[in-house]
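See structure below.
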Amino acid sequence: MKVLVAYMSSTGNTKKVAEAIFNEINGEKELKRIEDVQDIGIYDLSFLGFPTHQFGPDKKTKEFLEKQCTVGRKVALFVTHCAPEDVPELQEWMAKFKQAAAGANLVGFFDCQGELAKSIEMMMKIAPKKEIRFFAKSHNSQGQPDEARLMKARTFARDTMNRMG
Ligand SMILES: Cc1cc2nc3c(=O)[nH]c(=O)nc-3n(C[C@H](O)[C@H](O)[C@H](O)COP(=O)(O)O)c2cc1C
């Protein structure tokens, strides 16, 4: 089985999760940045990872997923976000990633917290929208993804691989 692990990452959080997943996979595998991926059709299984931007996938992510996630392709998604895993809105944001990938056979999904970069935090703190300012003050994401979260990512990789047989 040929496996792809591909990720988009501006500040390194999703990359860390991608590497944790990649290192857990045995056999034929490739680790790439999303921008270097032409066609996931040549892989038997693709783990695709993205950060959350503005309450869901950004435009580029959505377009990538809609284009690549076509019938018969096996895809496992992983997503990072600075909001804690238990905020209720998260379900809705994660559903947007799943929706964009819905054309494929979605065989796994993992998400975890990733530290909000200081520069972005400062911009958000002075944003015109009250909810963005509130968000910037309450995300509590320093140091994420930590080792516990990376362990969960490894478990996710193993479980997904085991399900594939
Ligand atoms: C422009 C921008 C918008 C973001 N919007 C959200 C958001 O809506 N919800 C959230 O939980 N995190 C949000 N984040 C935080 C990132 O999703 C989070 O820090 C992520 O782990 C970054 O991953 P990366 O280091 O791989 O780029 C945003 C970050 C940026 C830069």
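In the structure tokens, chains take the letters A, B, ... in the order shown, each chain's residues start at 1, and ligands count up from 1 in the order shown.
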
May I have all residues of region 21-145 of chain A that DSSP, computed from the backbone, assigns to helix (DSSP H, G or I), given as a ChimeraX atom specification?
/A:21-24,34-36,40-42,59-68,89-100,118-125,130-138

Determine, counting only C-alpha atoms, which protein, DNA and RNA residues have an atom within 7 Å of an atom of Glu24 (chain A); residues of the same chain fewer than 2 positions away are not included. Present the result as an MDAnalysis selection string.
chainID A and resid 20:22 26 154 157:158

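Of the listed residues A:Ser46, A:Ser138, A:Thr52, A:Gln91, the one whose atoms come nearest to ligand 1 is A:Thr52, with distances taken using only C-alpha atoms and all ligand atoms.
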
Contact table chain A vs ligand 1, cut-off 6 Å, shortest pair per residue, only C-alpha atoms and all ligand atoms, as JSON lines:
{"residue": "A:Ser9", "atom": "CA", "partner": "ligand 1", "partner_atom_place_in_ligand_line": "26 (O)", "distance": 3.3}
{"residue": "A:Ser10", "atom": "CA", "partner": "ligand 1", "partner_atom_place_in_ligand_line": "27 (O)", "distance": 3.6}
{"residue": "A:Thr11", "atom": "CA", "partner": "ligand 1", "partner_atom_place_in_ligand_line": "25 (O)", "distance": 3.3}
{"residue": "A:Gly12", "atom": "CA", "partner": "ligand 1", "partner_atom_place_in_ligand_line": "25 (O)", "distance": 4.0}
{"residue": "A:Asn13", "atom": "CA", "partner": "ligand 1", "partner_atom_place_in_ligand_line": "25 (O)", "distance": 3.7}
{"residue": "A:Thr14", "atom": "CA", "partner": "ligand 1", "partner_atom_place_in_ligand_line": "26 (O)", "distance": 3.6}
{"residue": "A:Lys15", "atom": "CA", "partner": "ligand 1", "partner_atom_place_in_ligand_line": "26 (O)", "distance": 5.7}
{"residue": "A:Pro51", "atom": "CA", "partner": "ligand 1", "partner_atom_place_in_ligand_line": "17 (O)", "distance": 4.3}
{"residue": "A:Thr52", "atom": "CA", "partner": "ligand 1", "partner_atom_place_in_ligand_line": "17 (O)", "distance": 3.8}
{"residue": "A:His53", "atom": "CA", "partner": "ligand 1", "partner_atom_place_in_ligand_line": "5 (N)", "distance": 3.6}
{"residue": "A:Gln54", "atom": "CA", "partner": "ligand 1", "partner_atom_place_in_ligand_line": "8 (O)", "distance": 3.5}
{"residue": "A:Phe55", "atom": "CA", "partner": "ligand 1", "partner_atom_place_in_ligand_line": "8 (O)", "distance": 3.4}
{"residue": "A:Thr80", "atom": "CA", "partner": "ligand 1", "partner_atom_place_in_ligand_line": "21 (O)", "distance": 4.4}
{"residue": "A:His81", "atom": "CA", "partner": "ligand 1", "partner_atom_place_in_ligand_line": "17 (O)", "distance": 3.7}
{"residue": "A:Cys82", "atom": "CA", "partner": "ligand 1", "partner_atom_place_in_ligand_line": "11 (O)", "distance": 3.9}
{"residue": "A:Ala83", "atom": "CA", "partner": "ligand 1", "partner_atom_place_in_ligand_line": "11 (O)", "distance": 3.8}
{"residue": "A:Gly114", "atom": "CA", "partner": "ligand 1", "partner_atom_place_in_ligand_line": "21 (O)", "distance": 3.3}
{"residue": "A:Glu115", "atom": "CA", "partner": "ligand 1", "partner_atom_place_in_ligand_line": "19 (O)", "distance": 4.5}
{"residue": "A:Leu116", "atom": "CA", "partner": "ligand 1", "partner_atom_place_in_ligand_line": "19 (O)", "distance": 3.6}
{"residue": "A:Ile120", "atom": "CA", "partner": "ligand 1", "partner_atom_place_in_ligand_line": "31 (C)", "distance": 5.8}

Restricting to only C-alpha atoms, whichever of A:Glu131, A:Asp159, A:Glu121, A:Glu92 is closest to Gly108 (chain A) is A:Asp159
